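Let me begin by presenting the structure, written as structure tokens, before commenting on it.
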Amino acid sequence: MQPRITESAHPPAGLNWSAYGELLVRAGKLTPRDLERALAAQREMGGALDAVLVSLGLVSEVDAAYALAEHLGLPFLPAEGYPAVFAEPGGLLPEFLKAHHVLPLRAEDGVLQVAMRAPQDAFVLKALRLTTGLEPQPVVALSSEIDKALQRYLDEAEEDAEGDGASAGSEGDAGDFVEHLRDLASEAPVIRLVNNIIGRVIELRASDIHLEPFDDGLHVRYRIDGVLHPGEVVPAAQGAAVSSRVKLLAHLDIAERRLPQDGRIKTRVKGRELDLRVSTVPTVHGESVVMRVLDRASVRLSLEDMGFERDTLARFNQLIARPHGILLVTGPTGSGKTTTLYAALAKLDSATQKIITVEDPVEYQLEGINQIQVHAQINLTFANALRSILRQDPDIIMIGEMRDGETAQIAVQSSLTGHLVLSTLHTNTAASAVVRMQDMGVERYLITSTVNGVLAQRLVRRLCAHCKKPVQPAPELLASSGLGRFVAADAPIHEAAGCDHCRGTGYQGRTGIHELLVIDEAMRSAILQGHDASALHGLAVKSGMYTLYDDGLRKVAAGVTSLDEVLRVTQDQGDA
């Protein structure tokens with residue numbers, strides 16, 4: 001939730017800088033000797049003490065701002081608390097806003113809420129009051145964050161308005177309806193709103209943006225660490241314009257609102273390259289739009305950083321080092337399967353081996369690896385691409401997903417002819433992958449001859465390091481949950497608490513839990529005898545395999561995640 005000010009709070013006309021400095025001294029941010037030096041420097045140089053302290057390097061900008069907010073009795077507002085759409089009161093020139101580090105937040109009921117670096121400045125407050133006719137209500141913010149927000153706000157509006165003006169003129173004969181939609185989507189407030197919605201993914205560490213139309217407007221939700229969190233609600237009058245703006249950026253047909261469409265947006269947000277995979281589907285109240293974020297800067301292409309336990313990682317490394325065979329990674333959508341395969345490929349030596357991938361889509365480009373994008377419209381399917389690349393003499397083949405029997409058969413043939421094949425399957429457990437291959441028409445003897453191993457994985461949220469709290473589990477819980485195998489009777493586990501760092505969720509970031517089934521002689525015999533998935537799973541556990549739940553419990557014991565989170569993620573282990 002964005003902080004809101006519900007009652008008028010005016011800062012004092014004069015500021016006691018000595019008292020302000022003492023506040024920093026009591027907080028341990030400043031020594032009394034440094035305060036004396038800073039006050040002397042302020043008397044010589046003039047200006048505000050907080051600016052002097054920051055320029056001398058005695059305190060950080062954040063600490064100075066927090067202390068100022070406490071001293072003035074005003075809220076402190078970080079950048080992630082800024083609204084998606086800024087207020088636009090008339091009469092305020094960009095030069096004035098930049099010079100005094102002032103950012104209008106929202107205007108309602110005769111009140112203008114503003115973020116300011118120096119809310120004690122009576123001159124600026126009076127200027128705001130006279131110019132806008134509204135009562136200024138200040139909050140303290142960092143000047144650097146105010147300046148960035150102002151610059152982005154002004155630059156993006158100017159650039160996008162110019163770009164969309166040109167594109168709108170190039171399609172003058174597309175029809176009145178399309179022109180109306182394009183005009184709506186090209187208005188500056190809509191452009192800024194969409195830019196702000198997309199821009200928040202960096203601050204929130206979101207993996208998806210959901211724009212969902214309902215009676216009361218377009219609901220924006222962000223998926224953070226695998227869980228959806230509500231964002232702002234765009235008024236119903238702007239809902240269609242926002243959806244059309246996203247479709248314009250993704251080069252989709254904005255006139256087609258009855259059929260699903262897929263596209264891609266490449267953009268730069270806060271200095272980072274982002275790819276957004278865009279999907280639209282028609283609903284009762286309008287078009288639902290989902291943007292999946294592919295953040296090139298945040299992808300981790302190292303197996304060691306992906307949460308593998310040491311014993312599991314050692315066996316997985318042995319499997320990817322084999323010269324031929326099939327290695328499968330399974331799990332539901334969004335469980336990190338493709339990222340794990342990318343990390344495995346990054347570990348292989350592309351200088352001495354020819355590695356080719358077939359993907360839909362190519363999410364991240366890997367150095368030294370030939371990556372093929374599937375195009376079903378021109379019949380470049382997984383199966384057709386695989387037939388062609390076998391003539392390219394590859395050593396290692398990565399198939400984005402085994403979707404049908406034809407693809408599975410070619411993967412089996414490839415492994416039999418001396419290739420290492422990596423691929424993904426949508427199954428809930430590792431053992432279920434064997435049965436799924438049988439369902440796709442692969443003979444049992446071919447499965448036992450080609451499949452080296454299957455890795456099932458999920459992503460669990462990490463406990464926030466700043467606020468996780470230790471608790472002593474009851475003996476009954478240790479026994480019923482199975483935690484007793486990994487946690488000593490007197491050892492604590494940790495639970496989520498919630499703080500400012502994790503936005504009150506108790507979790508920050510995600511890590512993997514894994515279940516690695518290695519096809520050994522006992523497993524080959526069971527597969528040839530036609531055992532079902534549960535029997536194969538039981539046999540693997542007897543052979544020493546840690547299940548997804550077991551691996552999750554190991555991370556609970558290590559204080560990485562909570563028992564509630566492991567239960568939430570692994571409750572679907574049964575595979576129909």
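Just remember, in the structure tokens the first chain shown is A, the second B, etc., residues are 1-based per chain, and ligands are 1-based in the order shown.
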
**Message:** I need the residues of region 412-484 of chain A that end up classed as helix (DSSP H, G or I) by DSSP on the backbone, written out as a count of residues only.
**Reply:** 31

**Item:** For region 248-264 of chain A: contacts at 6 Å, only C-alpha atoms, fewer than 3 positions along chain excluded, given as number ranges by chain
**Value:** A: 178, 244-245, 276-282

**Request:** Write out as a count of residues only each polymer residue whose atoms come within 9 Å of region 217-231 of chain A, counting only C-alpha atoms; drop sequence neighbours fewer than 5 positions from it.
**Result:** 29

**Contacts of Asp500 (chain A) within 10 Å, only C-alpha atoms, excl. fewer than 3 positions in-chain, as a list of chain:residue names** =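 Listed by chain and then number, they are A:His466, A:Cys467, A:Arg503, A:Gly504, A:Thr505, A:Gly506.
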
**Message:** I'd like the contact shell of region 367-376 of chain A - 12 Å cut-off, only C-alpha atoms, skipping same-chain residues fewer than 2 positions apart - returned as a ChimeraX atom specification.
**Reply:** /A:301,342,345-365,378-386,388-389,392,394-401

**Residue contacts of Leu58 (chain A) (10 Å, only C-alpha atoms) excluding same-chain residues fewer than 2 positions away, as a ChimeraX atom specification** = /A:29-31,34-35,38,50,52-56,60-61,64

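Coordinates place CA of Met306 (chain A) at a distance of 23.8 Å from CA of Gly498 (chain A).
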
**Request:** Mind checking which residues fall within 7 Å of Leu328 (chain A), counting only C-alpha atoms, ignoring those fewer than 4 positions away in the same chain, and posting them as a list of chain:residue names?
**Result:**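 These residues fall inside the cut-off: A:Leu422, A:Ser423, A:Thr424, A:Leu425, A:Gly453, A:Val454, A:Leu455.
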
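Reported to one decimal place, the separation of CA of Cys502 (chain A) from CA of Val560 (chain A) is 14.7 Å.
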